[in-house]
Every structure is written in structure tokens, then in C-alpha cells.
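Peer 1: Provided herewith: model.txt, compact mmCIF, N, CA and C atoms.
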```
# COMPACT_ATOMS: atom_id res chain seq x y z
N MET A 11 45.29 -35.54 -26.41
CA MET A 11 45.32 -34.29 -25.69
C MET A 11 43.89 -33.91 -25.31
N LYS A 12 43.70 -33.75 -24.01
CA LYS A 12 42.38 -33.38 -23.50
C LYS A 12 42.30 -31.88 -23.29
N LEU A 13 41.40 -31.20 -23.98
CA LEU A 13 41.22 -29.76 -23.82
C LEU A 13 39.97 -29.44 -23.00
N LYS A 14 39.24 -30.44 -22.64
CA LYS A 14 38.02 -30.24 -21.88
C LYS A 14 38.36 -29.92 -20.43
N GLY A 15 37.70 -28.88 -19.84
CA GLY A 15 37.99 -28.47 -18.46
C GLY A 15 37.39 -29.42 -17.44
N ARG A 16 37.99 -29.43 -16.29
CA ARG A 16 37.48 -30.29 -15.21
C ARG A 16 36.28 -29.67 -14.50
N ASN A 17 36.24 -28.34 -14.42
CA ASN A 17 35.15 -27.65 -13.72
C ASN A 17 34.00 -27.40 -14.69
N LYS A 18 32.89 -28.03 -14.41
CA LYS A 18 31.73 -27.84 -15.24
C LYS A 18 30.80 -26.81 -14.59
N ILE A 19 30.22 -25.96 -15.37
CA ILE A 19 29.26 -24.97 -14.88
C ILE A 19 27.91 -25.64 -14.80
N SER A 20 27.30 -25.53 -13.62
CA SER A 20 26.00 -26.15 -13.42
C SER A 20 24.90 -25.13 -13.73
N PRO A 21 23.96 -25.47 -14.59
CA PRO A 21 22.87 -24.54 -14.92
C PRO A 21 21.76 -24.52 -13.89
N GLU A 22 21.91 -25.24 -12.78
CA GLU A 22 20.88 -25.30 -11.75
C GLU A 22 20.87 -23.99 -10.94
N PHE A 23 19.69 -23.62 -10.47
CA PHE A 23 19.53 -22.38 -9.71
C PHE A 23 19.14 -22.73 -8.28
N SER A 24 19.83 -22.15 -7.33
CA SER A 24 19.54 -22.42 -5.93
C SER A 24 18.55 -21.38 -5.41
N MET A 25 17.41 -21.85 -4.93
CA MET A 25 16.36 -20.95 -4.45
C MET A 25 16.61 -20.47 -3.02
N SER A 26 17.51 -21.05 -2.31
CA SER A 26 17.71 -20.69 -0.90
C SER A 26 18.17 -19.25 -0.73
N SER A 27 19.06 -18.78 -1.58
CA SER A 27 19.51 -17.39 -1.45
C SER A 27 18.40 -16.41 -1.82
N MET A 28 17.58 -16.78 -2.80
CA MET A 28 16.47 -15.91 -3.19
C MET A 28 15.43 -15.81 -2.08
N THR A 29 15.12 -16.90 -1.43
CA THR A 29 14.14 -16.87 -0.34
C THR A 29 14.68 -16.09 0.85
N ASP A 30 15.97 -16.13 1.09
CA ASP A 30 16.55 -15.32 2.17
C ASP A 30 16.37 -13.83 1.90
N ILE A 31 16.61 -13.43 0.66
CA ILE A 31 16.47 -12.02 0.30
C ILE A 31 15.01 -11.58 0.41
N VAL A 32 14.10 -12.39 -0.06
CA VAL A 32 12.68 -12.04 0.01
C VAL A 32 12.23 -11.96 1.47
N PHE A 33 12.69 -12.88 2.29
CA PHE A 33 12.35 -12.86 3.71
C PHE A 33 12.87 -11.60 4.40
N LEU A 34 14.09 -11.21 4.11
CA LEU A 34 14.65 -9.99 4.70
C LEU A 34 13.90 -8.74 4.22
N LEU A 35 13.51 -8.71 2.95
CA LEU A 35 12.72 -7.59 2.46
C LEU A 35 11.35 -7.53 3.13
N LEU A 36 10.75 -8.68 3.35
CA LEU A 36 9.46 -8.73 4.03
C LEU A 36 9.57 -8.16 5.44
N ILE A 37 10.59 -8.55 6.16
CA ILE A 37 10.80 -8.03 7.52
C ILE A 37 11.03 -6.52 7.48
N PHE A 38 11.85 -6.06 6.54
CA PHE A 38 12.13 -4.63 6.43
C PHE A 38 10.86 -3.82 6.18
N PHE A 39 10.02 -4.26 5.24
CA PHE A 39 8.81 -3.51 4.93
C PHE A 39 7.77 -3.60 6.03
N MET A 40 7.75 -4.68 6.77
CA MET A 40 6.83 -4.77 7.90
C MET A 40 7.22 -3.80 9.01
N LEU A 41 8.52 -3.61 9.20
CA LEU A 41 8.98 -2.70 10.24
C LEU A 41 8.80 -1.23 9.85
N THR A 42 8.92 -0.94 8.58
CA THR A 42 8.85 0.47 8.16
C THR A 42 7.46 0.92 7.74
N ALA A 43 6.55 0.00 7.54
CA ALA A 43 5.19 0.37 7.11
C ALA A 43 4.44 1.02 8.27
N ASN A 44 3.53 1.93 7.93
CA ASN A 44 2.69 2.57 8.94
C ASN A 44 1.64 1.59 9.41
N SER A 45 1.43 1.58 10.70
CA SER A 45 0.44 0.69 11.26
C SER A 45 -0.94 1.34 11.16
N PRO A 46 -1.98 0.63 10.69
CA PRO A 46 -3.31 1.24 10.60
C PRO A 46 -3.95 1.39 11.97
N ASN A 47 -3.41 0.75 13.00
CA ASN A 47 -3.97 0.85 14.34
C ASN A 47 -3.39 2.01 15.14
N ALA A 48 -2.46 2.75 14.56
CA ALA A 48 -1.84 3.86 15.27
C ALA A 48 -2.82 5.03 15.37
N LEU A 49 -2.71 5.78 16.45
CA LEU A 49 -3.58 6.93 16.65
C LEU A 49 -3.04 8.11 15.86
N ASP A 50 -3.93 8.84 15.24
CA ASP A 50 -3.56 10.03 14.51
C ASP A 50 -3.65 11.22 15.46
N LEU A 51 -2.51 11.57 16.06
CA LEU A 51 -2.49 12.63 17.07
C LEU A 51 -1.67 13.80 16.58
N LEU A 52 -2.09 14.99 16.92
CA LEU A 52 -1.29 16.18 16.69
C LEU A 52 -0.61 16.53 18.00
N LEU A 53 0.67 16.23 18.07
CA LEU A 53 1.41 16.46 19.30
C LEU A 53 2.03 17.85 19.27
N PRO A 54 2.04 18.54 20.40
CA PRO A 54 2.64 19.88 20.43
C PRO A 54 4.15 19.81 20.40
N LYS A 55 4.75 20.83 19.84
CA LYS A 55 6.20 20.92 19.82
C LYS A 55 6.64 21.91 20.88
N ALA A 56 7.76 21.66 21.46
CA ALA A 56 8.26 22.56 22.49
C ALA A 56 8.99 23.75 21.89
N ARG A 57 9.46 23.60 20.67
CA ARG A 57 10.15 24.70 20.01
C ARG A 57 9.32 25.14 18.81
N GLY A 58 9.37 26.38 18.51
CA GLY A 58 8.63 26.88 17.35
C GLY A 58 7.90 28.16 17.70
N LYS A 59 7.20 28.67 16.71
CA LYS A 59 6.48 29.92 16.93
C LYS A 59 5.11 29.64 17.51
N SER A 60 4.63 30.56 18.28
CA SER A 60 3.31 30.42 18.90
C SER A 60 2.27 31.09 18.01
N THR A 61 1.03 30.66 18.17
CA THR A 61 -0.04 31.24 17.36
C THR A 61 -0.66 32.42 18.10
N ASN A 62 -1.16 33.36 17.33
CA ASN A 62 -1.80 34.54 17.91
C ASN A 62 -3.30 34.37 18.03
N THR A 63 -3.87 33.35 17.42
CA THR A 63 -5.31 33.14 17.45
C THR A 63 -5.66 32.21 18.61
N GLN A 64 -5.86 32.79 19.76
CA GLN A 64 -6.19 32.02 20.95
C GLN A 64 -7.66 32.21 21.25
N ASN A 65 -8.43 31.14 21.15
CA ASN A 65 -9.87 31.26 21.39
C ASN A 65 -10.19 31.24 22.88
N VAL A 66 -9.91 30.12 23.55
CA VAL A 66 -10.20 29.99 24.97
C VAL A 66 -9.02 29.32 25.64
N SER A 67 -8.62 29.86 26.76
CA SER A 67 -7.52 29.29 27.53
C SER A 67 -8.08 28.62 28.78
N VAL A 68 -7.73 27.35 28.97
CA VAL A 68 -8.10 26.62 30.19
C VAL A 68 -6.82 26.32 30.94
N THR A 69 -6.76 26.78 32.19
CA THR A 69 -5.58 26.59 33.01
C THR A 69 -5.95 25.76 34.23
N ILE A 70 -5.08 24.79 34.55
CA ILE A 70 -5.25 23.97 35.75
C ILE A 70 -3.97 24.10 36.56
N ASN A 71 -4.08 24.63 37.78
CA ASN A 71 -2.89 24.78 38.60
C ASN A 71 -2.71 23.58 39.54
N LYS A 72 -1.63 23.62 40.33
CA LYS A 72 -1.30 22.46 41.18
C LYS A 72 -2.33 22.24 42.29
N ASN A 73 -3.13 23.25 42.61
CA ASN A 73 -4.19 23.10 43.62
C ASN A 73 -5.50 22.64 43.00
N LEU A 74 -5.45 22.22 41.72
CA LEU A 74 -6.60 21.75 40.95
C LEU A 74 -7.69 22.82 40.83
N GLU A 75 -7.26 24.05 40.70
CA GLU A 75 -8.18 25.15 40.45
C GLU A 75 -8.24 25.38 38.94
N TYR A 76 -9.44 25.50 38.41
CA TYR A 76 -9.65 25.68 36.98
C TYR A 76 -9.88 27.14 36.66
N PHE A 77 -9.28 27.60 35.56
CA PHE A 77 -9.44 28.97 35.10
C PHE A 77 -9.78 28.93 33.62
N VAL A 78 -10.85 29.62 33.23
CA VAL A 78 -11.19 29.78 31.81
C VAL A 78 -10.98 31.24 31.48
N ASN A 79 -10.03 31.51 30.58
CA ASN A 79 -9.62 32.88 30.24
C ASN A 79 -9.31 33.69 31.50
N ASN A 80 -8.53 33.13 32.38
CA ASN A 80 -8.05 33.74 33.63
C ASN A 80 -9.14 34.03 34.64
N GLN A 81 -10.33 33.48 34.46
CA GLN A 81 -11.40 33.60 35.46
C GLN A 81 -11.55 32.26 36.15
N GLN A 82 -11.43 32.26 37.48
CA GLN A 82 -11.52 31.01 38.22
C GLN A 82 -12.97 30.49 38.21
N ILE A 83 -13.10 29.19 37.94
CA ILE A 83 -14.41 28.56 37.94
C ILE A 83 -14.33 27.24 38.68
N ASN A 84 -15.48 26.72 39.06
CA ASN A 84 -15.55 25.42 39.70
C ASN A 84 -15.33 24.35 38.63
N GLY A 85 -14.58 23.29 38.97
CA GLY A 85 -14.27 22.23 38.02
C GLY A 85 -15.48 21.50 37.49
N GLU A 86 -16.58 21.51 38.26
CA GLU A 86 -17.79 20.82 37.83
C GLU A 86 -18.49 21.57 36.69
N TYR A 87 -18.29 22.86 36.60
CA TYR A 87 -18.98 23.68 35.61
C TYR A 87 -18.11 24.04 34.42
N ILE A 88 -17.01 23.34 34.24
CA ILE A 88 -16.08 23.73 33.16
C ILE A 88 -16.71 23.53 31.78
N GLU A 89 -17.50 22.47 31.60
CA GLU A 89 -18.11 22.23 30.29
C GLU A 89 -19.10 23.33 29.94
N ILE A 90 -19.88 23.77 30.92
CA ILE A 90 -20.85 24.85 30.69
C ILE A 90 -20.14 26.14 30.32
N GLU A 91 -19.06 26.46 31.03
CA GLU A 91 -18.30 27.68 30.76
C GLU A 91 -17.64 27.63 29.38
N LEU A 92 -17.14 26.44 29.00
CA LEU A 92 -16.52 26.31 27.69
C LEU A 92 -17.55 26.47 26.57
N LYS A 93 -18.74 25.94 26.77
CA LYS A 93 -19.79 26.10 25.77
C LYS A 93 -20.16 27.56 25.60
N LYS A 94 -20.23 28.29 26.72
CA LYS A 94 -20.53 29.73 26.65
C LYS A 94 -19.43 30.48 25.92
N ALA A 95 -18.18 30.16 26.27
CA ALA A 95 -17.05 30.90 25.70
C ALA A 95 -16.82 30.59 24.23
N LEU A 96 -17.13 29.38 23.79
CA LEU A 96 -16.85 28.98 22.41
C LEU A 96 -18.08 29.02 21.51
N GLU A 97 -19.16 29.58 22.02
CA GLU A 97 -20.40 29.65 21.25
C GLU A 97 -20.21 30.55 20.03
N GLY A 98 -20.61 30.06 18.87
CA GLY A 98 -20.54 30.85 17.65
C GLY A 98 -19.19 30.85 16.96
N GLN A 99 -18.23 30.11 17.44
CA GLN A 99 -16.92 30.04 16.81
C GLN A 99 -16.95 29.08 15.63
N ASP A 100 -16.25 29.41 14.55
CA ASP A 100 -16.18 28.51 13.39
C ASP A 100 -15.34 27.28 13.71
N THR A 101 -14.16 27.50 14.25
CA THR A 101 -13.29 26.39 14.65
C THR A 101 -12.94 26.59 16.13
N PRO A 102 -13.80 26.12 17.02
CA PRO A 102 -13.53 26.32 18.45
C PRO A 102 -12.27 25.58 18.89
N THR A 103 -11.38 26.31 19.54
CA THR A 103 -10.10 25.76 19.97
C THR A 103 -9.86 26.09 21.43
N ILE A 104 -9.36 25.11 22.17
CA ILE A 104 -9.02 25.28 23.58
C ILE A 104 -7.51 25.17 23.72
N ILE A 105 -6.90 26.15 24.38
CA ILE A 105 -5.49 26.08 24.75
C ILE A 105 -5.46 25.55 26.18
N LEU A 106 -4.95 24.35 26.35
CA LEU A 106 -4.93 23.71 27.66
C LEU A 106 -3.57 23.92 28.30
N ARG A 107 -3.58 24.61 29.45
CA ARG A 107 -2.35 24.87 30.20
C ARG A 107 -2.47 24.16 31.55
N ALA A 108 -1.82 23.01 31.67
CA ALA A 108 -1.85 22.26 32.93
C ALA A 108 -0.45 22.30 33.52
N GLU A 109 -0.39 22.59 34.83
CA GLU A 109 0.90 22.60 35.50
C GLU A 109 1.51 21.22 35.47
N GLU A 110 2.83 21.16 35.56
CA GLU A 110 3.55 19.90 35.43
C GLU A 110 3.17 18.89 36.50
N SER A 111 2.84 19.36 37.68
CA SER A 111 2.53 18.45 38.78
C SER A 111 1.06 18.00 38.80
N VAL A 112 0.24 18.51 37.89
CA VAL A 112 -1.17 18.13 37.84
C VAL A 112 -1.30 16.72 37.28
N ALA A 113 -2.17 15.92 37.90
CA ALA A 113 -2.40 14.55 37.43
C ALA A 113 -2.95 14.56 36.01
N ILE A 114 -2.56 13.59 35.23
CA ILE A 114 -2.96 13.54 33.83
C ILE A 114 -4.48 13.39 33.67
N LYS A 115 -5.14 12.81 34.67
CA LYS A 115 -6.58 12.62 34.55
C LYS A 115 -7.33 13.95 34.52
N GLU A 116 -6.78 14.98 35.13
CA GLU A 116 -7.42 16.30 35.10
C GLU A 116 -7.35 16.90 33.69
N ALA A 117 -6.21 16.73 33.03
CA ALA A 117 -6.08 17.23 31.65
C ALA A 117 -6.93 16.40 30.70
N VAL A 118 -6.99 15.09 30.94
CA VAL A 118 -7.80 14.22 30.09
C VAL A 118 -9.27 14.55 30.24
N ASN A 119 -9.69 14.99 31.41
CA ASN A 119 -11.08 15.41 31.62
C ASN A 119 -11.45 16.57 30.69
N VAL A 120 -10.56 17.54 30.57
CA VAL A 120 -10.80 18.68 29.68
C VAL A 120 -10.78 18.21 28.22
N MET A 121 -9.86 17.30 27.89
CA MET A 121 -9.79 16.77 26.53
C MET A 121 -11.05 15.98 26.18
N ASP A 122 -11.60 15.27 27.15
CA ASP A 122 -12.83 14.52 26.93
C ASP A 122 -14.00 15.46 26.66
N ILE A 123 -14.07 16.55 27.40
CA ILE A 123 -15.12 17.56 27.16
C ILE A 123 -14.97 18.13 25.75
N ALA A 124 -13.74 18.40 25.35
CA ALA A 124 -13.49 18.93 24.00
C ALA A 124 -13.89 17.92 22.93
N ASN A 125 -13.61 16.66 23.18
CA ASN A 125 -13.95 15.62 22.21
C ASN A 125 -15.47 15.47 22.06
N ARG A 126 -16.18 15.53 23.15
CA ARG A 126 -17.65 15.40 23.10
C ARG A 126 -18.29 16.55 22.33
N ASN A 127 -17.68 17.73 22.42
CA ASN A 127 -18.26 18.93 21.79
C ASN A 127 -17.58 19.32 20.49
N ASN A 128 -16.70 18.46 19.97
CA ASN A 128 -15.97 18.70 18.72
C ASN A 128 -15.13 19.97 18.77
N TYR A 129 -14.44 20.19 19.88
CA TYR A 129 -13.50 21.30 20.01
C TYR A 129 -12.10 20.77 19.74
N LYS A 130 -11.25 21.63 19.21
CA LYS A 130 -9.85 21.29 19.06
C LYS A 130 -9.13 21.65 20.36
N VAL A 131 -8.11 20.85 20.69
CA VAL A 131 -7.33 21.10 21.91
C VAL A 131 -5.87 21.24 21.54
N ILE A 132 -5.25 22.28 22.06
CA ILE A 132 -3.81 22.47 21.92
C ILE A 132 -3.22 22.45 23.33
N LEU A 133 -2.27 21.57 23.55
CA LEU A 133 -1.61 21.48 24.84
C LEU A 133 -0.44 22.43 24.87
N ALA A 134 -0.49 23.39 25.77
CA ALA A 134 0.58 24.39 25.86
C ALA A 134 1.77 23.78 26.61
N VAL A 135 2.97 24.03 26.09
CA VAL A 135 4.20 23.56 26.72
C VAL A 135 5.14 24.74 26.86
N ARG A 136 6.12 24.59 27.72
CA ARG A 136 7.11 25.66 27.85
C ARG A 136 8.27 25.37 26.91
N PRO A 137 8.87 26.40 26.34
CA PRO A 137 9.99 26.19 25.41
C PRO A 137 11.21 25.66 26.14
N ASN A 138 12.03 24.92 25.39
CA ASN A 138 13.26 24.36 25.99
C ASN A 138 14.27 25.44 26.27
```
What would you get if you wrote out this structure as C-alpha cells?

Peer 2:
Amino acid sequence: MKLKGRNKISPEFSMSSMTDIVFLLLIFFMLTANSPNALDLLLPKARGKSTNTQNVSVTINKNLEYFVNNQQINGEYIEIELKKALEGQDTPTIILRAEESVAIKEAVNVMDIANRNNYKVILAVRPN
């Protein structure tokens, strides 16, 4: 009488399933990890409360006319006017209001001036 089973349990371990799991985890963590090359930007929200501390407002209309605190100025002298208006401020901040039809290079020009002078820029948007 044979009591020994026909199916023998193999003590061998297959590495193929383990490597598949490790590979999938590697892909998952690569996709979800923060990239060190990403820009650290503070993007404005369209919904939310507005701030009451407005230092200087720069407005650019569709005719490419520049206004600093509702006073029209020549676009060439905007940096000089901003330096005058933000002189002596602890945290100089510019509220940039550009009309929707204004080319992005006009807004980037003001942002570049702010970057050179270490001013903060907040891009004003209309609520949804």
C-alpha cells in the first residue's frame, strides 16, 4: 500500500514574480515622485478671498497702455515708476492686471522687472 502522494512540493523560489512586483513599484514611485527640475511657482486661484493689502497695481489694457495705481505712464518708464512707488516697503508686491487680449510678453516684461528688483507679483484674475 502506497501512502506517498504523487504531487511533491518544490522548495524552489521563482524570482520572476518578485522582479515584476519590484519593477511595477519602481515605475509607480517614479511617476508619483516630485521632479527636482519643476519650477516652484505660486499660481493664482480664480476662486477665493481677495487680499486687502494691495501695494502697487499695474494694469495693462488692450491698447498696451500701462497704468501704475490708475495713473497712466509710458511703458518705457514702468521700472522707474515701480521703484518710486515701492520704495521703503518691507515686502514690495505688485498686483498685475493684464487684459485677456494682451500678449503674454507684455505681462512677462513686468514680471521680469519684478524679478530683477526682488518684488513679489500677484496675477489678478476674474472669479468664475

Peer 1: List every residue of chain A that DSSP, applied to the backbone, labels as strand (DSSP E or B), and write the result as a list in words.

Peer 2: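 Restricting chain A to strand (DSSP E or B) produces Val66, Ser67, Val68, Thr69, Ile70, Tyr76, Phe77, Val78, Gln81, Gln82, Ile83, Thr103, Ile104, Ile105, Leu106, Arg107, Ala108, Lys130, Val131, Ile132 and Leu133 of chain A.
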
Peer 1: My list of candidates is A:Ile37, A:Met121, A:Ile19, A:Ile83. Which is closest to A:Arg107 when distances are computed with only C-alpha atoms?

Peer 2: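 Comparing A:Ile37, A:Met121, A:Ile19, A:Ile83 against A:Arg107, the winner is A:Met121.
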
Peer 1: Can you measure atom C of A:Ile105 to atom N of A:Ile132 for me? One decimal in Å is fine.

Peer 2: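 Value for the atom C of A:Ile105-atom N of A:Ile132 distance: 5.3 Å.
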
Peer 1: What does the distance between atom CA of A:Ile88 and atom CA of A:Ala134 come to in Å, to one decimal place?

Peer 2: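 The value is 18.2 Å.
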
Peer 1: Using all atoms listed in the file, pick whichever of A:Ser111, A:Lys130, A:Thr101, A:Asn80 has the shortest atom-to-atom distance to A:Val68.

Peer 2: A:Asn80

Peer 1: Atom CA of A:Phe23 to atom CA of A:Met40: how many Å, to one decimal?

Peer 2: 28.0 Å

Peer 1: Nearest to A:Glu109 among A:Met25, A:Ile90, A:Ala124, A:Ile70, with distances taken over all atoms listed in the file: which residue is it?

Peer 2: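 Closest candidate: A:Ile70.
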
Peer 1: Find the residues around A:Glu110 up to 8 Å (all atoms listed in the file counted), leave out those fewer than 4 positions away in its own chain, and share them as number ranges by chain.

Peer 2: A: 70-72, 114

Peer 1: May I ask which of the residues A:Leu96, A:Asn84, A:Lys18, A:Ile123 is the closest one to A:Val66, counting only N, CA and C atoms?

Peer 2: A:Leu96

Peer 1: Tell me which of A:Leu13, A:Val120, A:Val131, A:Ile31 sits closest to A:Glu89, counting all atoms listed in the file.

Peer 2: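 Among A:Leu13, A:Val120, A:Val131, A:Ile31, it is A:Val120 that comes nearest to A:Glu89.
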
Peer 1: Which residues in chain A does DSSP call alpha helix (DSSP H)? List them as a PyMOL selection string.

Peer 2: chain A and resi 25-42+88-95+114-126

Peer 1: Could stretch 100-125 of chain A be completed with N, CA, C and O atoms and written as an mmCIF file, in the frame of the given file, please?

Peer 2:
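Result written to selection27.cif:
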```
data_model
loop_
_atom_site.group_PDB
_atom_site.id
_atom_site.type_symbol
_atom_site.label_atom_id
_atom_site.label_comp_id
_atom_site.auth_asym_id
_atom_site.auth_seq_id
_atom_site.Cartn_x
_atom_site.Cartn_y
_atom_site.Cartn_z
ATOM 1 N N ASP A 100 -16.250 29.410 14.550
ATOM 2 C CA ASP A 100 -16.180 28.510 13.390
ATOM 3 C C ASP A 100 -15.340 27.280 13.710
ATOM 4 O O ASP A 100 -15.747 26.163 13.437
ATOM 5 N N THR A 101 -14.160 27.500 14.250
ATOM 6 C CA THR A 101 -13.290 26.390 14.650
ATOM 7 C C THR A 101 -12.940 26.590 16.130
ATOM 8 O O THR A 101 -11.918 27.192 16.455
ATOM 9 N N PRO A 102 -13.800 26.120 17.020
ATOM 10 C CA PRO A 102 -13.530 26.320 18.450
ATOM 11 C C PRO A 102 -12.270 25.580 18.890
ATOM 12 O O PRO A 102 -12.115 24.392 18.632
ATOM 13 N N THR A 103 -11.380 26.310 19.540
ATOM 14 C CA THR A 103 -10.100 25.760 19.970
ATOM 15 C C THR A 103 -9.860 26.090 21.430
ATOM 16 O O THR A 103 -10.107 27.214 21.870
ATOM 17 N N ILE A 104 -9.360 25.110 22.170
ATOM 18 C CA ILE A 104 -9.020 25.280 23.580
ATOM 19 C C ILE A 104 -7.510 25.170 23.720
ATOM 20 O O ILE A 104 -6.912 24.210 23.233
ATOM 21 N N ILE A 105 -6.900 26.150 24.380
ATOM 22 C CA ILE A 105 -5.490 26.080 24.750
ATOM 23 C C ILE A 105 -5.460 25.550 26.180
ATOM 24 O O ILE A 105 -5.907 26.230 27.098
ATOM 25 N N LEU A 106 -4.950 24.350 26.350
ATOM 26 C CA LEU A 106 -4.930 23.710 27.660
ATOM 27 C C LEU A 106 -3.570 23.920 28.300
ATOM 28 O O LEU A 106 -2.542 23.497 27.786
ATOM 29 N N ARG A 107 -3.580 24.610 29.450
ATOM 30 C CA ARG A 107 -2.350 24.870 30.200
ATOM 31 C C ARG A 107 -2.470 24.160 31.550
ATOM 32 O O ARG A 107 -3.178 24.648 32.423
ATOM 33 N N ALA A 108 -1.820 23.010 31.670
ATOM 34 C CA ALA A 108 -1.850 22.260 32.930
ATOM 35 C C ALA A 108 -0.450 22.300 33.520
ATOM 36 O O ALA A 108 0.534 22.070 32.828
ATOM 37 N N GLU A 109 -0.390 22.590 34.830
ATOM 38 C CA GLU A 109 0.900 22.600 35.500
ATOM 39 C C GLU A 109 1.510 21.220 35.470
ATOM 40 O O GLU A 109 0.810 20.209 35.387
ATOM 41 N N GLU A 110 2.830 21.160 35.560
ATOM 42 C CA GLU A 110 3.550 19.900 35.430
ATOM 43 C C GLU A 110 3.170 18.890 36.500
ATOM 44 O O GLU A 110 3.125 17.692 36.262
ATOM 45 N N SER A 111 2.840 19.360 37.680
ATOM 46 C CA SER A 111 2.530 18.450 38.780
ATOM 47 C C SER A 111 1.060 18.000 38.800
ATOM 48 O O SER A 111 0.685 17.181 39.634
ATOM 49 N N VAL A 112 0.240 18.510 37.890
ATOM 50 C CA VAL A 112 -1.170 18.130 37.840
ATOM 51 C C VAL A 112 -1.300 16.720 37.280
ATOM 52 O O VAL A 112 -0.623 16.363 36.316
ATOM 53 N N ALA A 113 -2.170 15.920 37.900
ATOM 54 C CA ALA A 113 -2.400 14.550 37.430
ATOM 55 C C ALA A 113 -2.950 14.560 36.010
ATOM 56 O O ALA A 113 -3.739 15.447 35.651
ATOM 57 N N ILE A 114 -2.560 13.590 35.230
ATOM 58 C CA ILE A 114 -2.960 13.540 33.830
ATOM 59 C C ILE A 114 -4.480 13.390 33.670
ATOM 60 O O ILE A 114 -5.050 13.852 32.689
ATOM 61 N N LYS A 115 -5.140 12.810 34.670
ATOM 62 C CA LYS A 115 -6.580 12.620 34.550
ATOM 63 C C LYS A 115 -7.330 13.950 34.520
ATOM 64 O O LYS A 115 -8.401 14.041 33.922
ATOM 65 N N GLU A 116 -6.780 14.980 35.130
ATOM 66 C CA GLU A 116 -7.420 16.300 35.100
ATOM 67 C C GLU A 116 -7.350 16.900 33.690
ATOM 68 O O GLU A 116 -8.327 17.483 33.210
ATOM 69 N N ALA A 117 -6.210 16.730 33.030
ATOM 70 C CA ALA A 117 -6.080 17.230 31.650
ATOM 71 C C ALA A 117 -6.930 16.400 30.700
ATOM 72 O O ALA A 117 -7.544 16.935 29.776
ATOM 73 N N VAL A 118 -6.990 15.090 30.940
ATOM 74 C CA VAL A 118 -7.800 14.220 30.090
ATOM 75 C C VAL A 118 -9.270 14.550 30.240
ATOM 76 O O VAL A 118 -10.046 14.433 29.279
ATOM 77 N N ASN A 119 -9.690 14.990 31.410
ATOM 78 C CA ASN A 119 -11.080 15.410 31.620
ATOM 79 C C ASN A 119 -11.450 16.570 30.690
ATOM 80 O O ASN A 119 -12.505 16.565 30.056
ATOM 81 N N VAL A 120 -10.560 17.540 30.570
ATOM 82 C CA VAL A 120 -10.800 18.680 29.680
ATOM 83 C C VAL A 120 -10.780 18.210 28.220
ATOM 84 O O VAL A 120 -11.598 18.621 27.403
ATOM 85 N N MET A 121 -9.860 17.300 27.890
ATOM 86 C CA MET A 121 -9.790 16.770 26.530
ATOM 87 C C MET A 121 -11.050 15.980 26.180
ATOM 88 O O MET A 121 -11.523 16.014 25.038
ATOM 89 N N ASP A 122 -11.600 15.270 27.150
ATOM 90 C CA ASP A 122 -12.830 14.520 26.930
ATOM 91 C C ASP A 122 -14.000 15.460 26.660
ATOM 92 O O ASP A 122 -14.825 15.204 25.772
ATOM 93 N N ILE A 123 -14.070 16.550 27.400
ATOM 94 C CA ILE A 123 -15.120 17.560 27.160
ATOM 95 C C ILE A 123 -14.970 18.130 25.750
ATOM 96 O O ILE A 123 -15.961 18.287 25.025
ATOM 97 N N ALA A 124 -13.740 18.400 25.350
ATOM 98 C CA ALA A 124 -13.490 18.930 24.000
ATOM 99 C C ALA A 124 -13.890 17.920 22.930
ATOM 100 O O ALA A 124 -14.464 18.281 21.901
ATOM 101 N N ASN A 125 -13.610 16.660 23.180
ATOM 102 C CA ASN A 125 -13.950 15.620 22.210
ATOM 103 C C ASN A 125 -15.470 15.470 22.060
ATOM 104 O O ASN A 125 -15.972 15.321 20.945
#
```
